file run_38.txt (compact mmCIF, C-alpha atoms)
# COMPACT_ATOMS: atom_id res chain seq x y z
CA MET A 1 35.72 -31.61 0.14
CA VAL A 2 33.03 -32.84 -2.24
CA LEU A 3 32.83 -36.61 -2.61
CA MET A 4 30.73 -38.15 -5.34
CA ILE A 5 29.99 -41.87 -5.20
CA ASP A 6 28.74 -43.19 -8.50
CA THR A 7 27.07 -46.61 -8.73
CA THR A 8 25.22 -45.97 -12.00
CA THR A 9 25.54 -48.33 -14.93
CA GLU A 10 25.99 -45.36 -17.29
CA HIS A 11 28.72 -43.80 -15.10
CA ILE A 12 27.01 -40.42 -15.08
CA GLY A 13 29.22 -39.26 -12.22
CA LYS A 14 31.92 -38.61 -14.80
CA VAL A 15 29.67 -36.21 -16.71
CA ILE A 16 28.72 -34.39 -13.50
CA ALA A 17 32.38 -34.18 -12.47
CA GLU A 18 33.26 -32.59 -15.81
CA GLU A 19 30.52 -30.01 -15.31
CA LEU A 20 31.76 -29.25 -11.81
CA ILE A 21 35.33 -28.79 -13.06
CA ARG A 22 34.10 -26.55 -15.89
CA SER A 23 32.18 -24.43 -13.40
CA GLY A 24 35.42 -23.84 -11.50
CA ASP A 25 33.56 -23.99 -8.17
CA HIS A 26 35.43 -26.87 -6.61
CA ALA A 27 38.15 -25.02 -4.74
CA ALA A 28 37.49 -27.04 -1.58
CA GLY A 29 38.49 -30.22 -3.40
CA PHE A 30 36.60 -32.87 -5.25
CA GLU A 31 36.76 -36.62 -5.69
CA LEU A 32 34.71 -39.02 -7.77
CA ILE A 33 34.52 -42.68 -6.81
CA ASP A 34 33.04 -44.94 -9.47
CA THR A 35 32.23 -48.23 -7.76
CA THR A 36 32.28 -50.27 -10.97
CA GLY A 37 34.41 -53.34 -10.44
CA MET A 38 34.68 -52.78 -6.70
CA HIS A 39 33.68 -55.45 -4.24
CA ILE A 40 31.22 -53.82 -1.86
CA SER A 41 29.12 -56.21 0.19
CA HIS A 42 25.77 -55.44 1.77
CA CYS A 43 25.67 -54.77 5.53
CA ILE A 44 25.19 -58.09 7.31
CA GLY A 45 23.88 -56.54 10.53
CA CYS A 46 26.51 -58.16 12.73
CA ASN A 47 26.78 -55.01 14.91
CA TYR A 48 30.53 -55.60 15.26
CA CYS A 49 31.14 -51.96 14.26
CA TRP A 50 29.28 -50.95 17.43
CA LEU A 51 30.06 -53.72 19.88
CA LYS A 52 33.10 -55.80 18.95
CA THR A 53 35.44 -53.66 16.85
CA PRO A 54 33.95 -50.18 17.45
CA GLY A 55 34.27 -47.96 14.40
CA ARG A 56 35.46 -50.74 12.11
CA CYS A 57 33.38 -52.85 9.75
CA ALA A 58 33.93 -56.59 10.02
CA ILE A 59 33.64 -57.08 6.26
CA GLN A 60 36.97 -57.00 4.49
CA ASP A 61 36.24 -55.61 1.04
CA ASP A 62 36.65 -52.38 -0.93
CA TYR A 63 34.36 -50.34 1.30
CA GLU A 64 36.58 -49.07 4.13
CA PRO A 65 38.58 -46.57 2.03
CA ILE A 66 35.24 -45.15 0.83
CA LEU A 67 33.92 -44.84 4.38
CA ARG A 68 37.09 -43.03 5.47
CA LYS A 69 36.49 -40.49 2.71
CA ILE A 70 32.80 -40.17 3.63
CA SER A 71 33.80 -39.42 7.23
CA LYS A 72 36.09 -36.56 6.12
CA ALA A 73 33.93 -35.12 3.31
CA ASP A 74 31.87 -31.95 3.66
CA GLN A 75 29.44 -33.14 1.02
CA VAL A 76 28.66 -36.65 -0.17
CA TRP A 77 26.71 -36.95 -3.41
CA LEU A 78 25.17 -40.34 -4.09
CA VAL A 79 24.86 -40.84 -7.83
CA SER A 80 22.44 -43.69 -8.28
CA ASP A 81 20.17 -45.54 -10.65
CA THR A 82 16.66 -46.03 -9.31
CA HIS A 83 14.41 -49.06 -8.89
CA PHE A 84 10.98 -49.08 -7.24
CA GLY A 85 11.35 -45.27 -7.26
CA PHE A 86 14.21 -45.59 -4.76
CA VAL A 87 18.00 -45.70 -4.98
CA SER A 88 19.57 -48.89 -6.33
CA TRP A 89 20.65 -51.64 -3.98
CA GLN A 90 24.24 -50.79 -4.84
CA THR A 91 23.78 -47.29 -3.40
CA LYS A 92 21.71 -48.55 -0.47
CA ASN A 93 24.53 -50.95 0.45
CA ILE A 94 26.93 -48.01 0.61
CA VAL A 95 24.57 -46.09 2.90
CA ASP A 96 23.70 -49.11 5.07
CA ARG A 97 27.39 -49.50 5.84
CA ILE A 98 27.98 -46.02 7.27
CA MET A 99 27.14 -47.49 10.69
CA PRO A 100 30.77 -47.44 11.94
CA LEU A 101 30.42 -43.62 11.95
CA VAL A 102 27.88 -43.84 14.75
CA THR A 103 28.36 -45.43 18.16
CA MET A 104 26.21 -47.84 20.12
CA TYR A 105 25.46 -45.06 22.61
CA LEU A 106 22.06 -43.40 22.46
CA GLN A 107 20.62 -39.98 23.14
CA PHE A 108 17.48 -37.97 22.45
CA LYS A 109 17.86 -35.23 19.88
CA ASP A 110 14.98 -33.02 18.77
CA GLY A 111 12.60 -35.37 20.54
CA GLN A 112 13.76 -38.58 18.84
CA MET A 113 16.16 -41.35 19.77
CA ARG A 114 19.50 -41.04 17.96
CA HIS A 115 22.87 -42.70 18.11
CA VAL A 116 25.77 -40.65 19.48
CA MET A 117 28.13 -39.88 16.59
CA ARG A 118 31.68 -41.25 16.67
CA TYR A 119 33.29 -38.21 15.06
CA ASP A 120 32.73 -34.47 15.37
CA HIS A 121 32.48 -33.86 11.64
CA GLN A 122 29.51 -35.18 9.64
CA PRO A 123 28.99 -34.91 5.88
CA ASP A 124 25.88 -33.44 4.29
CA ILE A 125 24.34 -35.80 1.73
CA GLY A 126 22.67 -35.23 -1.63
CA ILE A 127 21.33 -37.53 -4.34
CA ILE A 128 21.53 -37.38 -8.11
CA TYR A 129 19.51 -40.13 -9.76
CA THR A 130 18.77 -41.66 -13.12
CA GLY A 131 15.48 -43.21 -14.19
CA ASP A 132 12.02 -42.97 -12.73
CA GLY A 133 12.84 -41.99 -9.15
CA ASP A 134 10.12 -41.02 -6.69
CA GLN A 135 11.35 -37.47 -6.11
CA ALA A 136 9.22 -36.78 -3.02
CA TYR A 137 10.14 -40.08 -1.39
CA LEU A 138 13.85 -39.71 -2.16
CA GLU A 139 13.78 -36.25 -0.57
CA ARG A 140 12.12 -37.65 2.55
CA TRP A 141 14.61 -40.52 2.74
CA CYS A 142 17.62 -38.26 2.27
CA GLN A 143 16.38 -35.92 4.99
CA ARG A 144 15.74 -38.79 7.39
CA THR A 145 19.13 -40.33 6.61
CA THR A 146 21.00 -37.12 7.38
CA LEU A 147 18.92 -36.64 10.53
CA ASN A 148 20.47 -39.88 11.75
CA ILE A 149 24.00 -38.53 11.41
CA GLY A 150 23.28 -34.99 12.56
CA SER A 151 23.87 -33.37 9.17
CA ARG A 152 21.55 -32.03 6.46
CA SER A 153 20.21 -33.04 3.09
CA LEU A 154 21.70 -31.23 0.10
CA GLY A 155 18.64 -32.10 -1.97
CA VAL A 156 17.64 -34.66 -4.54
CA PHE A 157 18.11 -34.06 -8.26
CA SER A 158 17.20 -36.08 -11.32
CA GLU A 159 19.98 -36.50 -13.86
CA SER A 160 18.33 -33.89 -16.08
CA LYS A 161 18.71 -31.33 -13.28
CA ARG A 162 22.32 -32.18 -12.52
CA ARG A 163 23.41 -28.57 -13.20
CA GLU A 164 21.31 -27.50 -10.22
CA ALA A 165 23.07 -30.12 -8.14
CA VAL A 166 26.46 -28.88 -9.35
CA SER A 167 25.51 -25.37 -8.25
CA CYS A 168 24.93 -26.77 -4.72
CA MET A 169 28.43 -28.26 -4.57
CA LEU A 170 31.00 -26.37 -2.52
CA MET B 1 -5.01 -69.21 5.07
CA HIS B 2 -1.53 -70.26 3.99
CA VAL B 3 1.18 -67.62 4.42
CA VAL B 4 4.66 -67.49 2.91
CA ILE B 5 6.79 -65.60 5.42
CA ILE B 6 10.10 -64.27 4.14
CA ASN B 7 12.72 -63.02 6.56
CA GLY B 8 14.21 -60.03 4.74
CA SER B 9 17.05 -59.51 7.20
CA PRO B 10 20.63 -59.81 5.96
CA ARG B 11 21.71 -61.15 9.34
CA VAL B 12 22.25 -64.91 9.67
CA GLN B 13 19.10 -66.60 10.93
CA LYS B 14 20.62 -67.78 14.19
CA TYR B 15 21.14 -64.21 15.43
CA SER B 16 18.22 -62.60 13.59
CA ASN B 17 15.80 -60.58 15.74
CA THR B 18 13.37 -60.70 12.84
CA GLU B 19 13.48 -64.51 12.91
CA LYS B 20 12.46 -64.55 16.60
CA ILE B 21 9.62 -62.12 15.89
CA MET B 22 8.49 -64.24 12.94
CA ALA B 23 8.38 -67.34 15.14
CA ALA B 24 5.98 -65.67 17.57
CA PHE B 25 3.87 -64.30 14.73
CA ALA B 26 3.70 -67.73 13.08
CA LYS B 27 2.63 -69.28 16.37
CA GLY B 28 -0.34 -66.90 16.28
CA LEU B 29 -1.16 -68.04 12.74
CA SER B 30 -1.10 -71.69 13.86
CA GLU B 31 -3.28 -70.96 16.89
CA LYS B 32 -6.00 -69.77 14.51
CA GLY B 33 -5.65 -72.69 12.11
CA SER B 34 -3.53 -71.04 9.42
CA THR B 35 -0.48 -72.67 7.91
CA PHE B 36 2.80 -71.09 6.87
CA GLU B 37 6.20 -71.70 5.33
CA THR B 38 9.21 -69.57 6.22
CA TYR B 39 12.33 -68.51 4.34
CA ALA B 40 15.31 -66.24 4.95
CA ILE B 41 17.15 -64.22 2.32
CA SER B 42 20.41 -64.04 4.28
CA ASP B 43 21.57 -67.16 2.44
CA ARG B 44 21.71 -66.28 -1.25
CA LYS B 45 21.77 -69.95 -2.19
CA THR B 46 18.07 -70.17 -1.27
CA TRP B 47 16.92 -67.19 -3.37
CA ASP B 48 15.58 -69.34 -6.24
CA ILE B 49 13.51 -71.41 -3.81
CA ILE B 50 12.11 -68.29 -2.10
CA ARG B 51 11.26 -66.63 -5.39
CA ASP B 52 9.48 -69.82 -6.46
CA ALA B 53 7.41 -69.74 -3.26
CA TYR B 54 6.57 -66.08 -3.95
CA ILE B 55 5.41 -66.96 -7.47
CA LYS B 56 3.32 -69.99 -6.44
CA ASN B 57 1.55 -68.46 -3.42
CA ASP B 58 -0.79 -65.53 -3.05
CA GLU B 59 -0.42 -64.57 0.63
CA ILE B 60 3.10 -63.23 1.19
CA LEU B 61 4.52 -61.56 4.29
CA ILE B 62 7.98 -60.05 4.28
CA ALA B 63 9.36 -59.41 7.76
CA LEU B 64 12.33 -57.09 7.84
CA PRO B 65 14.50 -54.85 9.98
CA LEU B 66 14.75 -51.14 9.19
CA TYR B 67 18.16 -50.33 7.70
CA VAL B 68 18.92 -46.61 7.42
CA GLU B 69 15.31 -45.52 7.13
CA CYS B 70 14.31 -48.11 4.53
CA VAL B 71 14.76 -51.65 3.25
CA PRO B 72 18.17 -53.35 3.68
CA GLY B 73 20.29 -53.29 0.52
CA LEU B 74 20.30 -57.08 0.30
CA LEU B 75 16.49 -57.22 0.29
CA LEU B 76 16.35 -54.53 -2.40
CA GLU B 77 18.69 -56.66 -4.51
CA PHE B 78 16.50 -59.72 -4.01
CA LEU B 79 13.27 -57.82 -4.77
CA GLU B 80 14.70 -56.75 -8.11
CA THR B 81 14.65 -60.41 -9.15
CA PHE B 82 10.88 -60.76 -8.50
CA PRO B 83 8.68 -61.19 -11.56
CA GLN B 84 5.50 -59.15 -12.01
CA LYS B 85 2.39 -60.77 -10.54
CA ASP B 86 -1.21 -59.63 -10.34
CA GLU B 87 -3.65 -58.49 -7.68
CA HIS B 88 -4.53 -62.02 -6.66
CA THR B 89 -1.32 -61.90 -4.65
CA ARG B 90 -1.31 -59.89 -1.44
CA LEU B 91 1.99 -58.61 -0.09
CA SER B 92 2.16 -57.50 3.56
CA PHE B 93 5.08 -56.40 5.69
CA LEU B 94 6.28 -56.62 9.26
CA LEU B 95 8.79 -53.81 9.77
CA GLN B 96 10.81 -53.80 12.97
CA SER B 97 13.63 -51.63 14.25
CA GLY B 98 16.00 -50.92 17.11
CA PHE B 99 14.80 -47.38 17.80
CA ALA B 100 11.59 -47.62 19.78
CA GLU B 101 9.31 -44.82 18.62
CA GLY B 102 6.84 -45.25 15.77
CA CYS B 103 8.06 -42.10 14.02
CA GLN B 104 11.39 -43.81 13.33
CA LEU B 105 9.79 -46.38 11.01
CA ARG B 106 7.43 -44.22 8.98
CA CYS B 107 9.85 -43.45 6.17
CA GLY B 108 10.48 -47.19 5.68
CA GLU B 109 6.77 -47.87 5.90
CA GLU B 110 6.07 -45.38 3.09
CA PHE B 111 8.44 -47.25 0.78
CA LEU B 112 6.82 -50.58 1.65
CA ALA B 113 3.32 -49.19 1.05
CA LYS B 114 4.33 -48.26 -2.50
CA LEU B 115 6.35 -51.38 -3.29
CA PRO B 116 3.46 -53.79 -4.08
CA GLU B 117 2.29 -51.57 -6.93
CA TYR B 118 5.73 -51.79 -8.55
CA LEU B 119 5.45 -55.59 -8.34
CA GLY B 120 1.87 -55.60 -9.64
CA VAL B 121 0.44 -57.09 -6.43
CA ARG B 122 -1.98 -55.93 -3.74
CA TYR B 123 -0.80 -54.23 -0.52
CA GLY B 124 -1.80 -55.96 2.71
CA GLY B 125 -0.52 -53.31 5.10
CA CYS B 126 2.55 -52.99 7.27
CA LEU B 127 2.89 -53.90 10.93
CA VAL B 128 5.32 -51.43 12.47
CA LYS B 129 7.16 -51.92 15.74
CA GLY B 130 10.42 -50.66 17.20
CA GLY B 131 12.46 -51.40 20.31
CA ASN B 132 13.79 -54.75 19.13
CA PHE B 133 17.57 -54.24 19.10
CA GLY B 134 18.38 -56.37 22.11
CA ILE B 135 16.36 -59.52 21.33
CA ARG B 136 19.36 -61.46 20.06
CA PHE B 137 21.26 -60.88 23.31
CA LEU B 138 18.51 -62.27 25.54
CA GLY B 139 18.14 -65.83 26.81
CA GLU B 140 15.61 -68.08 25.14
CA GLU B 141 12.94 -67.58 27.79
CA GLN B 142 13.23 -63.79 27.70
CA GLN B 143 13.18 -63.84 23.91
CA GLU B 144 9.87 -65.67 24.02
CA ARG B 145 8.51 -63.20 26.53
CA VAL B 146 9.42 -60.05 24.58
CA THR B 147 8.25 -61.43 21.23
CA LYS B 148 4.99 -62.86 22.59
CA PRO B 149 2.91 -59.77 21.62
CA TYR B 150 3.59 -60.62 17.96
CA GLN B 151 1.63 -63.84 18.46
CA ALA B 152 -1.58 -61.80 18.83
CA MET B 153 -0.74 -60.05 15.56
CA GLY B 154 -0.41 -63.45 13.86
CA GLU B 155 -3.84 -64.34 15.17
CA LEU B 156 -5.23 -61.04 13.91
CA PHE B 157 -3.66 -61.55 10.48
CA THR B 158 -5.54 -64.83 10.10
CA GLU B 159 -8.80 -62.88 10.18
CA GLY B 160 -7.99 -61.67 6.68
CA ASP B 161 -7.71 -57.88 6.91
CA GLY B 162 -3.93 -57.76 6.65
CA PHE B 163 -2.54 -55.08 8.95
CA PHE B 164 -5.27 -52.52 8.31
CA ARG B 165 -7.18 -53.13 11.53
CA GLU B 166 -7.00 -50.68 14.42
CA GLU B 167 -5.32 -53.31 16.64
CA ALA B 168 -2.41 -53.50 14.19
CA LYS B 169 -2.04 -49.73 14.07
CA LYS B 170 -2.07 -49.50 17.89
CA PHE B 171 0.59 -52.23 18.11
CA THR B 172 3.25 -49.69 17.10
CA GLY B 173 2.98 -47.84 20.41
CA PRO B 174 3.81 -44.15 20.80
CA GLU B 175 4.97 -42.13 17.80
CA TYR B 176 7.13 -40.01 20.13
CA PHE B 177 7.91 -40.47 23.79
CA PRO B 178 6.57 -37.73 26.08
CA LEU B 179 9.15 -35.37 27.57
CA PRO B 180 9.27 -36.87 31.09
CA MET B 181 9.95 -40.29 29.59
CA ARG B 182 12.62 -38.87 27.29
CA LEU B 183 14.34 -37.22 30.24
CA MET B 184 14.28 -40.45 32.22
CA MET B 185 15.47 -42.56 29.27
CA GLY B 186 18.15 -39.99 28.46
CA LEU B 187 19.53 -40.44 31.96
CA ILE B 188 19.45 -44.23 31.57
CA PHE B 189 21.26 -43.94 28.20
CA LYS B 190 24.09 -42.04 29.90
CA THR B 191 24.45 -44.45 32.79
CA LEU B 192 22.91 -47.91 32.96
CA ALA B 193 22.55 -48.45 29.20
CA LYS B 194 26.18 -47.45 28.61
CA ARG B 195 27.34 -49.98 31.19
CA GLU B 196 25.11 -52.68 29.68
CA PHE B 197 26.43 -52.00 26.17
CA GLN B 198 29.99 -52.15 27.49
CA LYS B 199 29.21 -55.47 29.20
CA THR B 200 27.72 -56.88 26.00
CA ALA B 201 30.75 -55.67 24.06
CA ALA B 202 33.11 -57.28 26.57
CA SER B 203 31.25 -60.58 26.18
CA LEU B 204 31.95 -60.34 22.44
CA GLY B 205 35.67 -59.83 23.12
CA CYS B 206 35.80 -56.04 22.82
CA SER B 207 38.40 -54.34 25.00
CA VAL B 208 38.31 -50.75 23.70
CA PRO B 209 35.86 -47.90 24.40
CA LEU B 210 32.72 -48.15 22.28
CA ASP B 211 33.09 -44.52 21.22
CA GLU B 212 36.71 -44.87 20.11
CA LYS B 213 37.69 -42.59 17.23
CA VAL B 214 39.60 -45.21 15.25
CA TRP B 215 40.66 -42.95 12.39
CA GLU B 216 41.89 -40.04 14.44
CA THR B 217 44.31 -41.84 16.75

call {"tool": "encode", "arguments": {"input": "run_38.txt", "output": "structure tokens"}}
result
Amino acid sequence: MVLMIDTTTEHIGKVIAEELIRSGDHAAGFELIDTTGMHISHCIGCNYCWLKTPGRCAIQDDYEPILRKISKADQVWLVSDTHFGFVSWQTKNIVDRIMPLVTMYLQFKDGQMRHVMRYDHQPDIGIIYTGDGDQAYLERWCQRTTLNIGSRSLGVFSESKRREAVSCML
Amino acid sequence: MHVVIINGSPRVQKYSNTEKIMAAFAKGLSEKGSTFETYAISDRKTWDIIRDAYIKNDEILIALPLYVECVPGLLLEFLETFPQKDEHTRLSFLLQSGFAEGCQLRCGEEFLAKLPEYLGVRYGGCLVKGGNFGIRFLGEEQQERVTKPYQAMGELFTEGDGFFREEAKKFTGPEYFPLPMRLMMGLIFKTLAKREFQKTAASLGCSVPLDEKVWET
């Protein structure tokens, strides 16, 4: 299943979704979440999702249903505005709060310390961005982020190259 | 030198590892005759005051924990409210993380190295150090002991070269742990560390396995 999480002010996820549907390449299933109007807090670093209520975030807001979908998705596409060349804080908040998907337990993987994952299935992650994003940095960040959850980066695409991103969707 | 130190952690100050690190660093500043004022962004009500301090001062240090390879979302949100300044202002960073190896913080460091240019200010370098996850769970005496090395970095900072000196670079420690150490630590992770985490969890009132699959049961 392809999950697209759109935090952009121009709601460009809708345009991308229409292109994906037109392409007819979404047999595995597709869902677009536009976070406009949702209450999604930042991560407060309480570590409850590791140590007090393992696997569950302590913050009661609109995020948990999104995280459940992230945990089941094959691909997660973050559709984000950019500031300082990076994803928006709205998108970063969504990523910061994936921590319930990993456990407190540690291991070494490919020579680096990693958390042991909570579930067997991990989603690959890609980014589609608006504005003046730092392409090379976003690629590095996406790769590092997926390294943390044992999956892979699907790539980083500016809005103008969204058709390329659509061609990478299942 | 007068330094504005901003705690960029979203965690409440009382339990903030970054706050404990900042305290040791600030002690080093004092030892060498510098002064400082500290703030924390975890309480949004203080954002106007912090921004004002950023505007009125020219030596700024943001101390922060690494959140998913970069800056915490809350700090990004706050940074977006900063006005443009000029090169008279120097912005330095103290980036800390739970994972211990230097390589874990480099992606975050790259973002921080580029950030001052977006804000129009000068970059003062980034002090990078991992292995700080457990500070909040230690007693006061132990906290002081493990954060004490940051005091020397505060003293070094007073000398005016930001975090560009060799001592600051060496402070990070190893980029990767050598294989024998990884094997030994891997064994500890599977045994002693697991038990310690379970004990910590129990002290917080947790009664289920830490690796419980909550959405598959």

call {"tool": "closest_atom_pairs", "arguments": {"input": "run_38.txt", "of": "segment 82-163 of chain A", "to": "segment 96-120 of chain B", "cutoff": "8 Å", "atoms": "all atoms listed in the file", "output": "tab-separated table"}}
result
residue	atom	partner	partner_atom	distance
A:Phe84	CA	B:Tyr118	CA	6.1
A:Gln112	CA	B:Glu101	CA	7.7
A:Met113	CA	B:Phe99	CA	6.5
A:Arg114	CA	B:Phe99	CA	7.9
A:Tyr137	CA	B:Phe111	CA	7.7
A:Arg140	CA	B:Cys107	CA	7.2
A:Trp141	CA	B:Cys107	CA	6.6
A:Arg144	CA	B:Cys107	CA	7.6

call {"tool": "interface_residues", "arguments": {"input": "run_38.txt", "of": "chain B", "to": "chain A", "cutoff": "8 Å", "atoms": "all atoms listed in the file", "output": "NGL selection string"}}
result
:B and (10-12 or 67-70 or 72-74 or 76-77 or 80 or 99-101 or 104 or 107 or 111 or 115 or 118 or 176-177 or 179 or 182 or 186 or 189-190 or 193-194 or 197-198 or 200-202 or 204-206 or 208-215)

call {"tool": "atom_distance", "arguments": {"input": "run_38.txt", "atom1": "atom CA of Leu66 of chain B", "atom2": "atom CA of Gly130 of chain B"}}
result
9.1 Å

call {"tool": "closest_residue", "arguments": {"input": "run_38.txt", "among": "B:Pro149, B:Tyr54, B:Ser92, B:Arg136", "to": "Lys14 of chain B", "atoms": "only C-alpha atoms"}}
result
B:Arg136

call {"tool": "residues_around", "arguments": {"input": "run_38.txt", "residues": "Phe30 of chain A", "least_positions_apart": "2", "cutoff": "6 Å", "atoms": "all atoms listed in the file", "output": "number ranges by chain"}}
result
A: 1-3

call {"tool": "closest_residue", "arguments": {"input": "run_38.txt", "among": "A:Glu159, A:His121, A:Ala73, A:Cys168", "to": "Val15 of chain A", "atoms": "all atoms listed in the file"}}
result
A:Glu159

call {"tool": "atom_distance", "arguments": {"input": "run_38.txt", "atom1": "atom CA of Ile125 of chain A", "atom2": "atom CA of Phe157 of chain A"}}
result
11.9 Å

call {"tool": "residues_around", "arguments": {"input": "run_38.txt", "residues": "Asn57 of chain B", "least_positions_apart": "3", "cutoff": "8 Å", "atoms": "all atoms listed in the file", "output": "list of chain:residue names"}}
result
B:Val3, B:Val4, B:Ala53, B:Tyr54, B:Ile60, B:Thr89

call {"tool": "atom_distance", "arguments": {"input": "run_38.txt", "atom1": "atom CA of Gln122 of chain A", "atom2": "atom CA of Ile5 of chain A"}}
result
16.3 Å

call {"tool": "closest_residue", "arguments": {"input": "run_38.txt", "among": "A:Glu139, A:Asp132, A:Lys161, A:Ser80", "to": "Ile12 of chain A", "atoms": "all atoms listed in the file"}}
result
A:Ser80

call {"tool": "axis_aligned_box", "arguments": {"input": "run_38.txt", "around": "segment 78-85 of chain A", "padding_each_side": "3 Å", "output": "lines of an AutoDock Vina configuration file"}}
result
center_x = 18.1
center_y = -44.7
center_z = -7.4
size_x = 20.2
size_y = 14.7
size_z = 12.6

call {"tool": "residues_near_point", "arguments": {"input": "run_38.txt", "point": "(12.8, -67.4, 6.5)", "cutoff": "7 Å", "atoms": "only C-alpha atoms", "output": "ChimeraX atom specification"}}
result
/B:5-7,38-41

call {"tool": "residues_around", "arguments": {"input": "run_38.txt", "residues": "Ser9 of chain B", "least_positions_apart": "5", "cutoff": "7 Å", "atoms": "all atoms listed in the file", "output": "MDAnalysis selection string"}}
result
chainID B and resid 18 41:42 64:65

call {"tool": "build_atoms", "arguments": {"input": "run_38.txt", "residues": "segment 130-150 of chain B", "atoms": "N, CA and C atoms", "output": "mmCIF file, in the coordinates of the input"}}
result
data_model
loop_
_atom_site.group_PDB
_atom_site.id
_atom_site.type_symbol
_atom_site.label_atom_id
_atom_site.label_comp_id
_atom_site.auth_asym_id
_atom_site.auth_seq_id
_atom_site.Cartn_x
_atom_site.Cartn_y
_atom_site.Cartn_z
ATOM 1 N N GLY B 130 9.017 -50.868 16.872
ATOM 2 C CA GLY B 130 10.420 -50.660 17.200
ATOM 3 C C GLY B 130 10.796 -51.292 18.536
ATOM 4 N N GLY B 131 11.999 -50.946 18.999
ATOM 5 C CA GLY B 131 12.460 -51.400 20.310
ATOM 6 C C GLY B 131 12.922 -52.843 20.347
ATOM 7 N N ASN B 132 13.449 -53.330 19.214
ATOM 8 C CA ASN B 132 13.790 -54.750 19.130
ATOM 9 C C ASN B 132 15.295 -55.044 19.088
ATOM 10 N N PHE B 133 16.134 -54.030 19.302
ATOM 11 C CA PHE B 133 17.570 -54.240 19.100
ATOM 12 C C PHE B 133 18.141 -55.384 19.929
ATOM 13 N N GLY B 134 17.703 -55.464 21.181
ATOM 14 C CA GLY B 134 18.380 -56.370 22.110
ATOM 15 C C GLY B 134 17.912 -57.821 22.093
ATOM 16 N N ILE B 135 16.924 -58.159 21.272
ATOM 17 C CA ILE B 135 16.360 -59.520 21.330
ATOM 18 C C ILE B 135 17.425 -60.593 21.237
ATOM 19 N N ARG B 136 18.336 -60.418 20.306
ATOM 20 C CA ARG B 136 19.360 -61.460 20.060
ATOM 21 C C ARG B 136 20.259 -61.710 21.275
ATOM 22 N N PHE B 137 20.362 -60.726 22.165
ATOM 23 C CA PHE B 137 21.260 -60.880 23.310
ATOM 24 C C PHE B 137 20.563 -61.471 24.538
ATOM 25 N N LEU B 138 19.271 -61.730 24.406
ATOM 26 C CA LEU B 138 18.510 -62.270 25.540
ATOM 27 C C LEU B 138 18.562 -63.798 25.547
ATOM 28 N N GLY B 139 18.273 -64.374 26.720
ATOM 29 C CA GLY B 139 18.140 -65.830 26.810
ATOM 30 C C GLY B 139 16.838 -66.255 26.135
ATOM 31 N N GLU B 140 16.743 -67.567 25.907
ATOM 32 C CA GLU B 140 15.610 -68.080 25.140
ATOM 33 C C GLU B 140 14.246 -67.721 25.759
ATOM 34 N N GLU B 141 14.199 -67.847 27.097
ATOM 35 C CA GLU B 141 12.940 -67.580 27.790
ATOM 36 C C GLU B 141 12.517 -66.110 27.652
ATOM 37 N N GLN B 142 13.512 -65.233 27.829
ATOM 38 C CA GLN B 142 13.230 -63.790 27.700
ATOM 39 C C GLN B 142 12.853 -63.425 26.264
ATOM 40 N N GLN B 143 13.514 -64.095 25.319
ATOM 41 C CA GLN B 143 13.180 -63.840 23.910
ATOM 42 C C GLN B 143 11.712 -64.153 23.660
ATOM 43 N N GLU B 144 11.280 -65.276 24.208
ATOM 44 C CA GLU B 144 9.870 -65.670 24.020
ATOM 45 C C GLU B 144 8.925 -64.666 24.657
ATOM 46 N N ARG B 145 9.358 -64.157 25.815
ATOM 47 C CA ARG B 145 8.510 -63.200 26.530
ATOM 48 C C ARG B 145 8.366 -61.890 25.743
ATOM 49 N N VAL B 146 9.506 -61.367 25.254
ATOM 50 C CA VAL B 146 9.420 -60.050 24.580
ATOM 51 C C VAL B 146 8.795 -60.132 23.186
ATOM 52 N N THR B 147 8.839 -61.323 22.576
ATOM 53 C CA THR B 147 8.250 -61.430 21.230
ATOM 54 C C THR B 147 6.795 -61.923 21.279
ATOM 55 N N LYS B 148 6.348 -62.303 22.460
ATOM 56 C CA LYS B 148 4.990 -62.860 22.590
ATOM 57 C C LYS B 148 3.883 -61.952 22.016
ATOM 58 N N PRO B 149 3.972 -60.612 22.190
ATOM 59 C CA PRO B 149 2.910 -59.770 21.620
ATOM 60 C C PRO B 149 2.697 -59.973 20.115
ATOM 61 N N TYR B 150 3.741 -60.408 19.412
ATOM 62 C CA TYR B 150 3.590 -60.620 17.960
ATOM 63 C C TYR B 150 2.666 -61.804 17.665
#
